[in-house]
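Coordinates as given in input-v6.cif (mmCIF, C-alpha atoms):
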data_data
loop_
_atom_site.label_atom_id
_atom_site.label_comp_id
_atom_site.auth_asym_id
_atom_site.auth_seq_id
_atom_site.Cartn_x
_atom_site.Cartn_y
_atom_site.Cartn_z
CA MET A 7 19.34 2.48 11.64
CA ARG A 8 22.33 1.21 9.63
CA GLU A 9 22.91 -1.75 11.97
CA PHE A 10 19.19 -2.60 11.88
CA LEU A 11 19.12 -2.59 8.07
CA GLU A 12 22.34 -4.61 7.84
CA LYS A 13 20.64 -7.37 9.85
CA ALA A 14 17.58 -7.18 7.60
CA LYS A 15 19.74 -7.48 4.50
CA LYS A 16 21.64 -10.40 5.96
CA SER A 17 18.43 -12.23 6.81
CA SER A 18 17.21 -11.82 3.23
CA HIS A 19 19.88 -14.27 2.08
CA ILE A 20 18.21 -16.90 4.27
CA ILE A 21 14.58 -16.06 3.52
CA SER A 22 15.07 -15.83 -0.25
CA THR A 23 16.00 -19.51 -0.58
CA LEU A 24 13.57 -21.10 1.88
CA GLN A 25 11.65 -24.12 0.67
CA THR A 26 7.94 -23.64 0.07
CA SER A 27 7.02 -26.18 2.75
CA ILE A 28 9.02 -24.28 5.39
CA LYS A 29 7.42 -20.96 4.47
CA ASN A 30 3.91 -22.38 4.45
CA HIS A 31 4.40 -24.14 7.77
CA ALA A 32 5.56 -20.92 9.41
CA LEU A 33 2.72 -18.91 7.86
CA LEU A 34 0.08 -21.29 9.17
CA GLN A 35 1.65 -21.04 12.62
CA MET A 36 1.53 -17.24 12.35
CA ALA A 37 -2.18 -17.37 11.55
CA ASP A 38 -2.86 -19.63 14.54
CA ALA A 39 -0.73 -17.45 16.81
CA LEU A 40 -2.73 -14.34 15.95
CA VAL A 41 -5.98 -16.07 16.86
CA GLN A 42 -4.51 -17.49 20.06
CA ASN A 43 -3.45 -13.98 21.06
CA THR A 44 -6.74 -12.28 20.14
CA ASN A 45 -7.30 -10.84 23.63
CA PHE A 46 -3.77 -9.45 23.75
CA LEU A 47 -4.20 -7.83 20.33
CA ILE A 48 -7.55 -6.28 21.27
CA ASP A 49 -6.14 -4.94 24.55
CA GLU A 50 -3.20 -3.31 22.75
CA ASN A 51 -5.55 -1.97 20.08
CA LYS A 52 -7.72 -0.35 22.77
CA LYS A 53 -4.73 1.80 23.73
CA ASP A 54 -4.56 3.10 20.18
CA LEU A 55 -8.31 3.67 20.05
CA GLU A 56 -8.22 5.71 23.26
CA VAL A 57 -5.53 7.96 21.83
CA ALA A 58 -7.43 8.26 18.54
CA LYS A 59 -10.60 9.35 20.35
CA SER A 60 -8.69 11.85 22.47
CA LEU A 61 -7.34 13.37 19.24
CA ASN A 62 -10.88 13.54 17.82
CA LEU A 63 -10.02 11.46 14.79
CA SER A 64 -12.94 10.90 12.42
CA SER A 65 -15.23 7.89 12.78
CA ALA A 66 -13.86 6.63 9.47
CA MET A 67 -10.29 6.72 10.78
CA ILE A 68 -11.29 4.98 13.99
CA ASP A 69 -13.05 2.29 11.96
CA ARG A 70 -9.82 1.71 9.99
CA LEU A 71 -7.94 1.37 13.27
CA LEU A 72 -10.31 -0.95 15.12
CA LEU A 73 -9.45 -4.58 15.89
CA ASN A 74 -12.04 -7.04 17.19
CA GLU A 75 -12.39 -10.83 17.19
CA LYS A 76 -13.78 -10.87 13.67
CA ARG A 77 -10.99 -8.73 12.27
CA VAL A 78 -8.28 -10.76 13.98
CA GLU A 79 -9.81 -13.91 12.48
CA GLU A 80 -9.85 -12.18 9.10
CA MET A 81 -6.17 -11.35 9.50
CA ALA A 82 -5.42 -14.99 10.27
CA ASN A 83 -7.47 -16.20 7.32
CA ALA A 84 -5.62 -13.82 5.01
CA ILE A 85 -2.33 -15.39 6.10
CA ARG A 86 -3.76 -18.87 5.56
CA GLN A 87 -4.80 -17.88 2.05
CA ILE A 88 -1.31 -16.57 1.36
CA ALA A 89 0.15 -19.88 2.54
CA GLY A 90 -2.16 -21.66 0.09
CA GLN A 91 -1.10 -19.62 -2.91
CA THR A 92 1.15 -21.01 -5.61
CA GLU A 93 4.84 -20.52 -4.88
CA PRO A 94 5.83 -17.20 -6.50
CA VAL A 95 9.59 -17.80 -6.43
CA GLY A 96 11.34 -19.96 -9.01
CA ARG A 97 8.65 -19.71 -11.69
CA VAL A 98 10.04 -20.09 -15.20
CA LEU A 99 8.52 -17.03 -16.88
CA ASP A 100 10.03 -17.71 -20.26
CA GLY A 101 12.65 -19.89 -21.88
CA TRP A 102 14.36 -20.29 -25.23
CA LEU A 103 17.39 -21.61 -27.07
CA THR A 104 19.75 -19.11 -28.72
CA LYS A 105 21.60 -19.48 -32.03
CA ASP A 106 24.66 -20.53 -29.99
CA ASN A 107 22.66 -23.29 -28.29
CA LEU A 108 22.54 -21.47 -24.96
CA HIS A 109 19.47 -22.48 -22.98
CA ILE A 110 18.09 -19.32 -21.32
CA GLN A 111 15.44 -19.27 -18.61
CA LYS A 112 13.77 -16.16 -17.18
CA VAL A 113 13.06 -17.07 -13.54
CA SER A 114 11.20 -15.21 -10.79
CA ILE A 115 13.18 -14.30 -7.67
CA PRO A 116 12.49 -12.24 -4.52
CA ILE A 117 13.11 -8.49 -4.65
CA GLY A 118 15.09 -8.55 -1.40
CA VAL A 119 14.39 -6.07 1.40
CA ILE A 120 11.15 -4.13 1.04
CA GLY A 121 10.31 -1.07 3.10
CA ILE A 122 6.56 -0.62 3.49
CA ILE A 123 5.24 2.65 4.89
CA TYR A 124 1.54 2.83 5.71
CA GLU A 125 -1.08 4.36 7.96
CA SER A 126 -4.01 3.38 10.17
CA ARG A 127 -5.07 -0.20 9.53
CA PRO A 128 -3.24 -2.73 11.74
CA ASN A 129 -4.12 -5.64 9.45
CA VAL A 130 -1.70 -4.17 6.90
CA THR A 131 1.09 -5.25 9.25
CA SER A 132 0.17 -8.93 9.12
CA ASP A 133 -0.90 -8.91 5.46
CA THR A 134 2.27 -7.33 4.14
CA ALA A 135 4.53 -9.32 6.44
CA ALA A 136 2.99 -12.59 5.25
CA LEU A 137 3.10 -11.57 1.59
CA CYS A 138 6.75 -10.61 1.82
CA PHE A 139 7.66 -13.80 3.69
CA LYS A 140 5.85 -16.05 1.21
CA SER A 141 7.58 -14.32 -1.71
CA GLY A 142 11.00 -14.73 -0.07
CA ASN A 143 11.39 -11.09 0.88
CA VAL A 144 12.34 -9.36 4.12
CA CYS A 145 10.02 -6.54 5.15
CA VAL A 146 10.79 -3.40 7.11
CA LEU A 147 7.43 -2.03 8.24
CA LYS A 148 6.59 1.50 9.27
CA GLY A 149 2.98 1.87 10.36
CA GLY A 150 1.23 5.02 11.50
CA LYS A 151 1.67 6.34 15.03
CA GLU A 152 -2.08 5.99 15.55
CA ALA A 153 -1.66 2.17 15.39
CA GLU A 154 1.68 1.93 17.17
CA ASN A 155 0.62 -0.44 19.97
CA SER A 156 -1.38 -2.67 17.64
CA ASN A 157 1.44 -2.94 15.12
CA LYS A 158 4.03 -3.76 17.77
CA ALA A 159 1.79 -6.50 19.16
CA ILE A 160 1.20 -8.07 15.74
CA ALA A 161 4.87 -7.91 14.78
CA SER A 162 5.97 -9.45 18.08
CA ILE A 163 3.64 -12.43 17.56
CA LEU A 164 4.90 -13.02 14.02
CA GLN A 165 8.52 -12.72 15.14
CA GLU A 166 7.99 -15.30 17.88
CA VAL A 167 6.91 -17.78 15.21
CA LEU A 168 10.02 -17.03 13.16
CA ILE A 169 12.24 -17.63 16.20
CA ALA A 170 10.41 -20.88 17.00
CA ASN A 171 11.23 -22.07 13.48
CA SER A 172 14.92 -21.08 13.76
CA LEU A 173 14.44 -18.25 11.29
CA PRO A 174 15.80 -14.71 11.69
CA LYS A 175 13.30 -12.44 13.41
CA GLU A 176 14.65 -9.57 11.28
CA ALA A 177 12.71 -11.03 8.34
CA ILE A 178 9.68 -9.19 9.75
CA SER A 179 10.64 -5.98 11.49
CA LEU A 180 9.16 -2.65 12.48
CA LEU A 181 11.28 0.39 11.68
CA PRO A 182 12.94 1.28 15.01
CA ASP A 183 12.62 5.02 14.40
CA SER A 184 9.04 5.66 13.25
CA SER A 185 9.42 9.43 13.13
CA ARG A 186 9.53 11.45 9.91
CA GLU A 187 13.28 11.66 10.39
CA GLY A 188 13.41 7.87 10.63
CA VAL A 189 11.54 7.52 7.35
CA ALA A 190 13.87 10.07 5.75
CA LYS A 191 16.84 7.93 6.79
CA LEU A 192 15.26 4.70 5.57
CA ILE A 193 14.48 5.89 2.05
CA VAL A 194 18.10 6.74 1.25
CA GLU A 195 19.60 3.43 2.43
CA ASP A 196 19.72 1.94 -1.07
CA LYS A 197 22.62 -0.31 -0.13
CA PHE A 198 20.35 -2.32 2.15
CA VAL A 199 16.78 -1.73 0.92
CA ASP A 200 15.64 -2.71 -2.57
CA LEU A 201 12.11 -1.26 -2.79
CA ILE A 202 9.95 1.26 -0.95
CA VAL A 203 6.17 0.88 -0.97
CA PRO A 204 4.40 3.93 0.49
CA ARG A 205 0.65 3.87 1.01
CA GLY A 206 -1.17 6.69 2.69
CA GLY A 207 -1.77 10.40 2.50
CA GLU A 208 -0.79 12.65 -0.37
CA ALA A 209 1.88 14.48 1.63
CA LEU A 210 3.57 11.20 2.62
CA ILE A 211 3.62 9.92 -0.97
CA LYS A 212 5.05 13.18 -2.30
CA PHE A 213 7.76 13.30 0.35
CA ILE A 214 8.92 9.76 -0.32
CA SER A 215 8.73 10.04 -4.12
CA LYS A 216 10.78 13.23 -4.04
CA ASN A 217 13.45 12.12 -1.57
CA SER A 218 13.91 8.36 -1.98
CA THR A 219 17.07 7.00 -3.62
CA ILE A 220 15.38 3.59 -3.63
CA PRO A 221 12.83 2.59 -6.31
CA VAL A 222 9.29 3.46 -5.19
CA VAL A 223 5.96 1.81 -6.02
CA LYS A 224 3.36 4.39 -4.98
CA HIS A 225 0.03 3.47 -3.45
CA ASP A 226 -1.43 6.92 -3.82
CA LYS A 227 -4.77 8.38 -2.80
CA GLY A 228 -8.01 7.09 -4.32
CA VAL A 229 -10.03 9.93 -5.82
CA CYS A 230 -12.47 7.52 -7.48
CA HIS A 231 -15.30 8.47 -9.84
CA THR A 232 -18.47 6.84 -11.10
CA TYR A 233 -20.09 8.20 -14.24
CA VAL A 234 -23.81 7.53 -14.76
CA ASP A 235 -24.39 7.62 -18.50
CA LYS A 236 -27.65 8.64 -20.17
CA SER A 237 -28.31 5.00 -21.09
CA ALA A 238 -27.73 3.65 -17.58
CA ASP A 239 -30.20 1.35 -15.86
CA LEU A 240 -31.08 3.84 -13.10
CA LYS A 241 -32.27 1.30 -10.57
CA LYS A 242 -29.04 -0.66 -10.96
CA ALA A 243 -27.05 2.56 -10.90
CA ILE A 244 -28.47 3.65 -7.53
CA LYS A 245 -27.54 0.31 -5.99
CA ILE A 246 -23.98 0.55 -7.34
CA VAL A 247 -23.47 4.17 -6.27
CA ILE A 248 -24.69 3.49 -2.73
CA ASN A 249 -22.34 0.52 -2.44
CA ALA A 250 -19.37 2.41 -3.87
CA LYS A 251 -19.86 5.34 -1.48
CA CYS A 252 -21.37 3.87 1.66
CA GLN A 253 -20.31 0.25 2.06
CA ARG A 254 -16.94 1.30 3.53
CA PRO A 255 -16.19 4.98 2.88
CA SER A 256 -12.85 4.80 4.68
CA ALA A 257 -11.40 2.56 1.94
CA CYS A 258 -9.28 4.03 -0.85
CA ASN A 259 -11.52 2.42 -3.51
CA SER A 260 -14.69 4.14 -2.30
CA LEU A 261 -16.52 6.66 -4.48
CA GLU A 262 -15.63 10.34 -4.01
CA THR A 263 -17.17 12.05 -7.07
CA LEU A 264 -20.34 11.12 -8.92
CA LEU A 265 -20.71 12.35 -12.50
CA VAL A 266 -24.21 12.26 -14.01
CA HIS A 267 -25.28 12.84 -17.62
CA GLU A 268 -27.55 15.87 -18.03
CA ASP A 269 -30.27 13.87 -19.83
CA ILE A 270 -31.11 11.78 -16.77
CA TYR A 271 -29.82 13.71 -13.76
CA LYS A 272 -33.16 15.09 -12.48
CA LYS A 273 -34.88 11.73 -12.08
CA PHE A 274 -31.71 9.95 -11.00
CA LEU A 275 -30.76 12.43 -8.28
CA LYS A 276 -34.32 12.61 -6.92
CA ASP A 277 -34.28 8.82 -6.52
CA LEU A 278 -30.71 8.75 -5.19
CA GLU A 279 -31.03 11.46 -2.54
CA PRO A 280 -33.20 9.52 -0.04
CA GLU A 281 -30.87 6.52 -0.33
CA LEU A 282 -27.88 8.69 0.53
CA LYS A 283 -29.76 10.16 3.49
CA VAL A 284 -30.07 6.69 5.00
CA TYR A 285 -26.28 6.74 5.41
CA ASN A 286 -26.12 10.43 6.42
CA VAL A 287 -24.01 11.26 3.40
CA GLN A 288 -22.98 14.90 3.17
CA ILE A 289 -23.51 16.04 -0.43
CA LYS A 290 -21.50 18.69 -2.24
CA ALA A 291 -22.91 19.47 -5.66
CA CYS A 292 -22.73 21.72 -8.68
CA GLU A 293 -25.39 24.38 -9.29
CA ARG A 294 -27.55 22.28 -11.61
CA ALA A 295 -27.62 19.36 -9.17
CA ARG A 296 -28.53 21.70 -6.30
CA GLU A 297 -31.67 22.70 -8.18
CA VAL A 298 -32.87 19.12 -7.72
CA ILE A 299 -31.49 18.02 -4.34
CA ASN A 300 -30.42 19.57 -1.05
CA ALA A 301 -26.64 19.92 -1.13
CA GLU A 302 -23.80 22.21 -0.19
CA GLN A 303 -22.10 24.26 -2.86
CA ILE A 304 -19.07 22.52 -4.31
CA TYR A 305 -15.79 24.27 -4.98
CA LYS A 306 -13.15 23.41 -7.57
CA GLN A 307 -10.66 22.17 -4.98
CA ASP A 308 -13.20 19.67 -3.61
CA PHE A 309 -12.80 17.54 -6.71
CA ASP A 310 -9.22 16.72 -5.73
CA VAL A 311 -10.01 15.61 -2.17
CA GLU A 312 -9.97 12.01 -0.97
CA TYR A 313 -12.58 12.25 1.79
CA LEU A 314 -12.53 8.66 3.07
CA ASP A 315 -15.79 9.59 4.77
CA GLN A 316 -19.52 9.88 4.10
CA ILE A 317 -19.06 12.89 1.83
CA LEU A 318 -19.91 12.84 -1.87
CA ASN A 319 -19.25 15.26 -4.72
CA ILE A 320 -21.84 15.42 -7.50
CA LYS A 321 -21.36 17.07 -10.88
CA ILE A 322 -23.64 17.12 -13.94
CA VAL A 323 -21.85 16.64 -17.26
CA ASN A 324 -23.04 17.23 -20.82
CA SER A 325 -21.49 14.12 -22.35
CA LEU A 326 -19.33 11.05 -21.94
CA ASP A 327 -16.39 13.09 -23.25
CA GLU A 328 -16.86 15.70 -20.52
CA ALA A 329 -16.97 12.93 -17.89
CA ILE A 330 -13.71 11.48 -19.21
CA GLU A 331 -12.14 14.94 -19.33
CA HIS A 332 -13.09 15.52 -15.68
CA ILE A 333 -11.59 12.19 -14.62
CA VAL A 334 -8.38 12.89 -16.55
CA LYS A 335 -8.07 16.20 -14.70
CA HIS A 336 -9.03 15.13 -11.19
CA GLY A 337 -8.61 11.34 -11.00
CA SER A 338 -5.72 9.77 -9.09
CA GLY A 339 -5.32 6.75 -11.36
CA HIS A 340 -6.93 4.38 -8.87
CA SER A 341 -10.43 3.14 -9.79
CA GLU A 342 -13.03 4.63 -12.16
CA ALA A 343 -16.45 3.34 -13.26
CA ILE A 344 -19.06 3.88 -15.94
CA LEU A 345 -22.69 2.81 -15.54
CA SER A 346 -24.17 2.42 -19.00
CA GLU A 347 -26.15 0.07 -21.22
CA ASP A 348 -24.48 1.50 -24.33
CA TYR A 349 -21.78 -0.91 -25.49
CA SER A 350 -19.84 1.70 -27.44
CA ALA A 351 -19.93 4.19 -24.54
CA VAL A 352 -18.68 1.51 -22.15
CA ASN A 353 -15.75 0.56 -24.35
CA LYS A 354 -14.82 4.16 -25.06
CA PHE A 355 -14.69 4.83 -21.31
CA LEU A 356 -12.68 1.69 -20.55
CA ASP A 357 -10.21 2.45 -23.33
CA LYS A 358 -9.74 6.18 -22.70
CA VAL A 359 -9.69 6.37 -18.91
CA ASP A 360 -6.16 5.76 -17.65
CA ALA A 361 -6.46 4.20 -14.21
CA ALA A 362 -5.25 1.03 -12.53
CA CYS A 363 -8.81 -0.35 -12.53
CA VAL A 364 -11.67 0.68 -14.82
CA TYR A 365 -15.18 -0.73 -14.31
CA ALA A 366 -18.34 -1.10 -16.35
CA ASN A 367 -21.57 -1.47 -14.35
CA ALA A 368 -19.92 -2.43 -11.06
CA SER A 369 -18.82 -0.80 -7.83
CA THR A 370 -15.27 0.49 -7.48
CA ARG A 371 -15.21 -1.23 -4.07
CA PHE A 372 -14.09 -4.42 -5.84
CA THR A 373 -10.56 -3.03 -6.30
CA ASP A 374 -8.99 -5.42 -3.84
CA GLY A 375 -6.58 -8.33 -4.13
CA GLY A 376 -8.95 -10.72 -2.41
CA GLU A 377 -11.93 -9.69 -4.52
CA PHE A 378 -9.83 -10.09 -7.68
CA GLY A 379 -8.92 -13.61 -6.63
CA LEU A 380 -5.29 -12.61 -6.05
CA GLY A 381 -5.38 -13.09 -2.27
CA ALA A 382 -4.08 -10.50 0.18
CA GLU A 383 -2.29 -7.47 -1.20
CA VAL A 384 0.37 -4.98 -0.22
CA GLY A 385 -2.00 -2.29 -1.46
CA ILE A 386 -3.34 -0.72 -4.63
CA SER A 387 -0.50 0.57 -6.76
CA THR A 388 -1.13 3.72 -8.79
CA ASN A 389 2.28 3.31 -10.43
CA LYS A 390 2.69 2.16 -14.00
CA LEU A 391 5.98 0.39 -13.24
CA HIS A 392 6.55 -2.29 -12.13
CA SER A 393 3.20 -3.04 -10.52
CA ARG A 394 -0.25 -1.53 -11.03
CA GLY A 395 -3.55 -2.13 -9.23
CA PRO A 396 -3.81 -4.71 -6.44
CA MET A 397 -0.18 -5.57 -5.64
CA GLY A 398 -0.25 -9.24 -4.83
CA ILE A 399 2.32 -11.89 -4.17
CA ASN A 400 3.73 -12.15 -7.69
CA ASP A 401 4.29 -8.39 -7.78
CA LEU A 402 6.77 -8.83 -4.93
CA THR A 403 9.14 -10.72 -7.21
CA THR A 404 11.52 -9.66 -9.93
CA PHE A 405 13.46 -12.00 -12.20
CA LYS A 406 16.87 -13.07 -13.35
CA TYR A 407 18.13 -14.99 -16.37
CA LYS A 408 19.64 -18.44 -15.94
CA ILE A 409 21.85 -19.39 -18.86
CA TYR A 410 22.90 -23.02 -19.39
CA GLY A 411 25.82 -23.65 -21.68
CA GLU A 412 28.13 -26.47 -22.79
CA GLY A 413 31.39 -24.65 -23.18
CA GLN A 414 30.27 -21.94 -25.62
CA THR A 415 32.44 -18.86 -26.13
CA ARG A 416 31.44 -15.74 -28.03
CA LYS A 417 33.05 -15.18 -31.42
#

Translate this structure into structure tokens?
Amino acid sequence: MREFLEKAKKSSHIISTLQTSIKNHALLQMADALVQNTNFLIDENKKDLEVAKSLNLSSAMIDRLLLNEKRVEEMANAIRQIAGQTEPVGRVLDGWLTKDNLHIQKVSIPIGVIGIIYESRPNVTSDTAALCFKSGNVCVLKGGKEAENSNKAIASILQEVLIANSLPKEAISLLPDSSREGVAKLIVEDKFVDLIVPRGGEALIKFISKNSTIPVVKHDKGVCHTYVDKSADLKKAIKIVINAKCQRPSACNSLETLLVHEDIYKKFLKDLEPELKVYNVQIKACERAREVINAEQIYKQDFDVEYLDQILNIKIVNSLDEAIEHIVKHGSGHSEAILSEDYSAVNKFLDKVDAACVYANASTRFTDGGEFGLGAEVGISTNKLHSRGPMGINDLTTFKYKIYGEGQTRK
């Protein structure tokens, strides 16, 4: 492990100062190489899918794992978009002249070596590798065991491009020991690794946050809520709720708990129920909601679960304040939404709900770097420092001060 990380650290001195043209050229080659190796990637992915099915993983988890021609092309396009983004390194963030005539510039620089720990989706391997490379960082990637063959295949293709361009292959590496013990070793190597980005299950996040000696930017679970206010346009609200829950339930920005104002819940739920049935959504609801629709009884602990599946909690609330109180208690700080035609209610919700992304009259499924116009992302940060929400290319930089003098000495 130590020797592996030493090589990664050494390669960061090369990657951090690469010219934009060199980085973009290599990224475009990476995108083309993925497409050219589509059959190889799909064949390796099939091995992971077979194991996943033998372990009886949920359909949602298998969907997250799947690679096909369309998804490989999407991976390639994401890399092309990253290549087309404005250079994140060397930006002058601020500048001023001091009383001693020192010219100070605050300039963006790469973070260094970034350890990224994630689960399931193989496209995370190519997305994060490309983002780190473009921002002048070296990445040490640890994907889930369920995607082991897929991740190795993707990484090998990207490394071949690095080698072809006389760049160190260690700039994009998979952690050699992918066990829990390997992760435990990685997160205390603060001499060689500058940042850890964990994204995945609650247990993983807690373990890393508790044990890491390296700064951590958490990409925690998404227990996302949508509150349907008494003034909501109900037809619009049904469309938004169905999209937030059903469009891709395996995503961390999908809806898990629906809160409905008591003044409109009977009509709204009667209209919503048949739409949810189309997608075979399993409903867990409070007692009042169960008087109107067919649903299982909900228990207190259900409100803290990230299902990532076609399962929906429903709770009737007496007021906007009660909805906010529920979100404060059970939300994970990811994405929360209010559906309302009342301007004051909307602004109260947006101001009082503390989450990375807060929505008015839109689906939480938009919490995504690409949808925000930021391009590909490392993930959705639920941290408050130093990055929050979709963690894009500029969030993979820090800064330093450049001070230009003419012989000044301090008195």

Checklist entry - What residues come out when you apply the PyMOL selection byres ((chain A and resi 185) around 12) to this file, written as a list in words? => result Ile123, Lys148, Gly149, Gly150, Lys151, Glu154, Leu181, Pro182, Asp183, Ser184, Arg186, Glu187, Gly188, Val189, Ala190, Lys191 and Leu192 of chain A

For the residues in that selection, give me C-alpha atoms as a compact mmCIF listing (two decimals), in the frame of the given file.
# COMPACT_ATOMS: atom_id res chain seq x y z
CA ILE A 123 5.24 2.65 4.89
CA LYS A 148 6.59 1.50 9.27
CA GLY A 149 2.98 1.87 10.36
CA GLY A 150 1.23 5.02 11.50
CA LYS A 151 1.67 6.34 15.03
CA GLU A 154 1.68 1.93 17.17
CA LEU A 181 11.28 0.39 11.68
CA PRO A 182 12.94 1.28 15.01
CA ASP A 183 12.62 5.02 14.40
CA SER A 184 9.04 5.66 13.25
CA ARG A 186 9.53 11.45 9.91
CA GLU A 187 13.28 11.66 10.39
CA GLY A 188 13.41 7.87 10.63
CA VAL A 189 11.54 7.52 7.35
CA ALA A 190 13.87 10.07 5.75
CA LYS A 191 16.84 7.93 6.79
CA LEU A 192 15.26 4.70 5.57

Item to check | Pick from A:Leu72, A:Leu55, A:His31, A:Phe198 nearest to Thr219 in chain A, counting all atoms listed in the file | outcome: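 The shortest atom-to-atom distance to Thr219 in chain A comes from A:Phe198.
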
Next on the checklist: With all atoms listed in the file as the counted atoms, please give the residues lying no more than 7 Å from range 166-180 of chain A, apart from itself and same-chain residues fewer than 2 positions off, as a list in words.
Outcome noted: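 These residues fall inside the cut-off: Lys13, Ala14, Ser17, Ser18, Ala32, Gln35, Met36, Ala135, Val144, Cys145, Val146, Leu147, Lys148, Ala161, Ser162, Ile163, Leu164 and Pro182 of chain A.
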
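A straight line drawn from CA of Leu278 in chain A to CA of Arg254 in chain A is 17.9 Å long.
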
Item to check | Selected residue of minimal separation from Ile386 in chain A among A:Ala295, A:Ala257, A:Leu356, A:Leu314, counting all atoms listed in the file | outcome: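 Of the candidates, the smallest distance to Ile386 in chain A is held by A:Ala257.
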